[in-house]
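Visitor: This is the structure I want to talk about, given as structure tokens.
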Amino acid sequence: MLLIHCPYCDETLPEAEFTYAGQAHIVRARTPSDQTDAEWEEFLFIRENVRGPHFERWRHFHGCGRYFNAVRDTVSDRFLTTYKAGEPRPDLSELEGRA
Amino acid sequence: MSRYRVPGKGRVDAARPVGFTFDGAAYHGLAGDTVASALLANGVHLMGRSFKYHRPRGPVSAGSEEPNALIGTRRGPGRFEPNTRATMQEVWEGLQTTSQNKYPSLRFDIGAVNDAAYMLFSAGFYYKTFKWPQSFWHKVYEPFIRAAAGLGVAPAEEDPDHYASRYLHCDLLIVGAGPAGLAAAVEAAGRGLSVAIVDENAEAGGTLLSEPQAVIDGQKAWDWLAQTLKHLKAAGVRVMTRTTAFGYYHQNMIGLVQKLTDHLAAPSADLPRERLWRVRARQVVLAQGALEKPLIFNGNDRPGVMLAGSAQTYLNRYGVRVGDEAVVVTSHDSAWYAAFDLADAGTRIKAIVDTREKVSEDLLSAARLRGIETRLSHSVTATGGRLRLAHVTVNEVDCGQVREGQRIYCDCLLMSGGWTPSLHLFSHTKGSLQWDADLTTFLPKDTPEDCVIAGAGRGLWGIGAALNDGTEQARAALRALGVEGAGGVHAVDHDRSGSGTTMRELPTDRNPGRAKAFVDYQNDVTAKDLRLAVREGMRSIEHVKRYTTNGMATDQGKMSNINGLNIAADALGKPQPEVGLTTFRPPYTPTSFGAFAGYHRGDHFEVVRKTQIDPWAEEHGAVFENVAQWRRARYFPKPGEDMDAAVRRECAAVRASVGIFDASTLGKIEVVGPDAVEFMNRMYTNPWTKLAPGRCRYGLLLGDDGFIRDDGVIGRLSQDRFHVTTTTGGAARVMNMMEDYLQTEWPDLNVWLTSTTEEWSTVALNGPDAATLLQPFVEGVDLTEDAFPHMSCIECTVAGLPARLFRISFTGEVGFEVNVPAPYGRQLWETLWQAGQRHDICAYGTETMHVLRAEKGYIIVGQDTDGTVTPYDAGMGWAVGKKKPDFVGMRGLARPDLTAEGRKQLVGLLTKDGSKLEEGAQIVFDPDQPIPMKMVGHVTSSYDIGTTERPIALALIEGGHDRMGETVHIPMPDRTIAATITGTVFVDPENARLKIRGESA
Ligand SMILES: [Zn+2]
């Protein structure tokens, strides 16, 4: 069982308190009706299949209930970092060596 | 006492004999014995039959790696366990054990004919033998495989034991309480750290239990052991025996299973059988030692053939000689010591056969001293004896030439192919391995976890090396914890560190194609099978493993993996590190389902949610069904009624007078805040801005892909407050989805979401008499068409209780839903039930609710929709707000596929012959087309009872909305049913019954 740091609670807690919520930084357009079919398809269905650091969302479901973002290495299954929703993507080069 | 028991030897208690049975025969062992050691003390080696060939087998080891001696154990009524390792199960008075894989008896087995049919079962036999002809599959091959597959017999009774689980957080966990682990614990003890050391055996000590001759720091090994354990316990170290570390998981979480009762004759009923520990350790020391390798030669599985180190354990730990006359065959020094110990205890060692040309002069002189014949550069090429070893054939190997064999009569053959570090848990950490050419084995290299490995686990042989490495590695772990250890060196006399070489198959003068030289005893895989797999094209060790099943049995290849690798590498002509080792996975040893299930069994397997009204339903004979986690009353049968009769009566009562229904399980979410209406506009398809406080609307929730996710009636209580209802099963999903959009897409909206499902008890009244019944209890509103029309809501008082009253209908009748604070649900229910008696009030359940709603064409999300249905497909385009700038799913609805012609659409179906359709049945347009037919939809809901004259159904059919009146066909196994496509509303299409009667609205 992984240990996950909730950036809102600022606590490192067992995975069982959290739920996975898909790839991070997929923004729903402010005006979806302006989106082309291809753009909307991309938003709905197209996801990365990363070997290595993956930007993803988690929810502290049995805790504060907040959604937050994380970088997890899909090879080692290690969390490189977690950060609050709305914060920019962290620079991967600064996370190297954490896996 | 049997002649195989050596007085004064071992750690068993000669004063405490223990009676047990094996295959019905009574035996005596001593307290401290395992089933294996006790049977060996009685001269019994034959303990089972092998899995595939049903060959007679005896224990080859003395520990948890045992592949052969698997038995069934019975610990009283209901307590039967198959595949228990006889080498681990401790004996106690009254224990009943049985052998496995035999028919009709262990000594005479019909399945042993498989042994003669060897060619049929060689590598890949599943893939080759049974592939042709196809018609044989069902009648011949599959029944045969099913009968033959599996080890032992699954217990038929429910397990009466209970299982516990606990968490442990500690600074240092040490796995293995042999010399390395104990030295590590000594180094860590008394430094203010929480330290735990675990061992799978009944007592701590590991190798020390088998080597009492060693002297550690001037103390005899067993005295040192006793004193060390006393010291550790006094220093607060948690010492756990009979505790297996079965898996090493992420971030230093280790799973332990502690066996608490299997060794007790009369355990307290309060004691759990096993306890699962989830340990989170800051640092871990793996000190699991090494496993001895068997040698690979023809007939190396005959009962009486055993690992030399295990024979030494049986002698020194249990006081049992495994035979009277032994031959030893080895490529490693350690077996020589086993021979000496046995010789000193009275077993005649008829020869030590060593594959090496040279061994140390010390060993040779020690053998000479005991009068033991030694044969260097020799091989064993055959064994004989029916159910027990009777003789072995020994051959000189001269410059690669195997000379003619010589038969030596003996009753046991002790073998050693050297030692393999136990890397299982280390491998679970995704630790990398490094090939050591000198030791011909993999050694641990790097691991991403906070763990170190000590002693024989990293190829250090001997008690002294293990002790000192344990200290050293613990010191490294302590340093990582910021604690400085003391270090120090243990001095060991009479240590037996030795060396050896690694063999593949032993040299033989026979046709290797006819040799039965077993590599994996449990899965009956021979060296020949491995070479055949390579010849047939398997290149990766993972393919060789799966094709031959080498290492895939319940022992997980503890003995076979490294020998299998050496042979496969030779066959491939590659060095071992290029071939690679197969992956070890948890659990280290077979682990009971009970341990994993823990407390989560029976009533505690899953939460059963019950409403406040549930006890009333139970008292009134309701039949229940599970909906999501809720237990809901399905129908209320009167004496003699089946479900159909009860539902027919309940439906009629609702349409005739009034029915009462517990709707408390409906999901409820309170949406509150200045931006609540904007939030609702964005979440739901419907427009909410113009909905006045005090009014309700049916809400439809889509995903952004445009498909229906959920629905429910939503009341606007005030400008900034909505009472949202969801489906019973969808409540958590909808809440999660709302939170997701609110938190991450629209964080600017000032809205609060609260799940209120369990805050309210909800009583629904439906039927023409509903208003008359309810009116006397309502304060604050007149239940008339003018004052409180359909789709109204209000906060008022009902029966003296604060209430939220909704006028809504899921039946097509006049309907009210009364929400009161949850604890008052039953009080309200009983009040209305009493008052309703003069209206012939009828309590109805979910089945009647389903029928009544289907008669009106009201959908159930998840039954009439399947995640690919749009509001338009469902005929509910009216619920979509066309003028809104956006809502979840709006852009999705405009996707080309969702606007295309020929989508499946929800329609009604009436069968021509008046029969009832099956839900899920597939629909075709042309029943005469060739098979496979083109399926154009399926039946989503179907009922033959209710208030219509004939059975009704709902279905999703391609282009259904434009096919009204057309005939479709539903092929069933026995016949094809024709049905006419209709609208979805079967009762009261004008909605006249929704109006309160006796009024001019
Ligand atoms: Zn949190």
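In the structure tokens, chains take letters A, B, ... by order of appearance, with residues numbered from 1 within each chain and ligands from 1 in the order shown.
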Enumerate as a ChimeraX atom specification the residues belonging to chain A that approach chain B to within 9 Å, with only C-alpha atoms taken into account.

Guide: /A:1-3,27-28,30-35,37,40-41,44,65-68,76-78,85-86,99

Visitor: So that I can see what lies close to Pro88 (chain A), please list as a PyMOL selection string the residues with an atom at most 12 Å from it, counting only C-alpha atoms and leaving out residues fewer than 6 positions away in the same chain.

Guide: chain A and resi 24-25+55+68-71+82

Visitor: Got a sec to check which residues lie within 8 Å of ligand 1, using only C-alpha atoms and all ligand atoms, and send them as a list in words?

Guide: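 Within the 8 Å cut-off, the matching residues are Cys6, Pro7, Tyr8, Cys9, Asp10, Glu11, Arg59, His60, Phe61, Gly63, Cys64, Gly65 and Arg66 of chain A.
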
Visitor: Which is closest to Ala308 (chain B) among B:Val239, B:Leu291, B:Ala879, B:Ala335, if we use only C-alpha atoms?

Guide: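 Smallest separation from Ala308 (chain B) among the options: B:Ala335.
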
Visitor: Could you list, as a count of residues only, every residue within 7 Å of region 972-978 of chain B, counting only C-alpha atoms and ignoring same-chain residues fewer than 2 positions away?

Guide: 6

Visitor: From a backbone DSSP assignment, name each residue in chain A labelled strand (DSSP E), as a PyMOL selection string.

Guide: chain A and resi 3-6+11-14+19-23+53-59+67-73+78-84

Visitor: Please, what distance in Å, to one decimal, runs between CA of Gly908 (chain B) and CA of Thr811 (chain B)?

Guide: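 Computed distance, CA of Gly908 (chain B) to CA of Thr811 (chain B), equals 16.9 Å.
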
Visitor: Considering only C-alpha atoms, return as a ChimeraX atom specification whatever protein or nucleic-acid residues lie within 12 Å of Glu48 (chain A), sequence-local ones (same chain, fewer than 6 positions apart) excluded.

Guide: /A:22-26,42,54-56,74

Visitor: Can you pull out the residues contacting Glu472 (chain B)? Cut-off 9 Å, using only C-alpha atoms, and skip same-chain residues under 3 positions away; I want them as a list in words.

Guide: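 What passes the distance filter is Ala183, Ala184, Glu187, Ala454, Leu467, Asn468, Asp469, Arg475, Ala476, Ala477, Gly487 and Gly488 of chain B.
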
Visitor: Rank A:Ile4, A:Ala38, A:Lys84, A:Ala29 by their smallest atom-to-atom distance to Arg72 (chain A), using only C-alpha atoms, and report the top residue only.

Guide: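 Of A:Ile4, A:Ala38, A:Lys84, A:Ala29, the one nearest Arg72 (chain A), counting only C-alpha atoms, is A:Ile4.
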
Visitor: DSSP on the backbone, helix (DSSP H, G or I) only: what residues of region 496-645 of chain B does that give? Format it as a PyMOL selection string.

Guide: chain B and resi 512-514+527-535+541-548+560-572+576-579+593-597+602-604+614-619+643-645
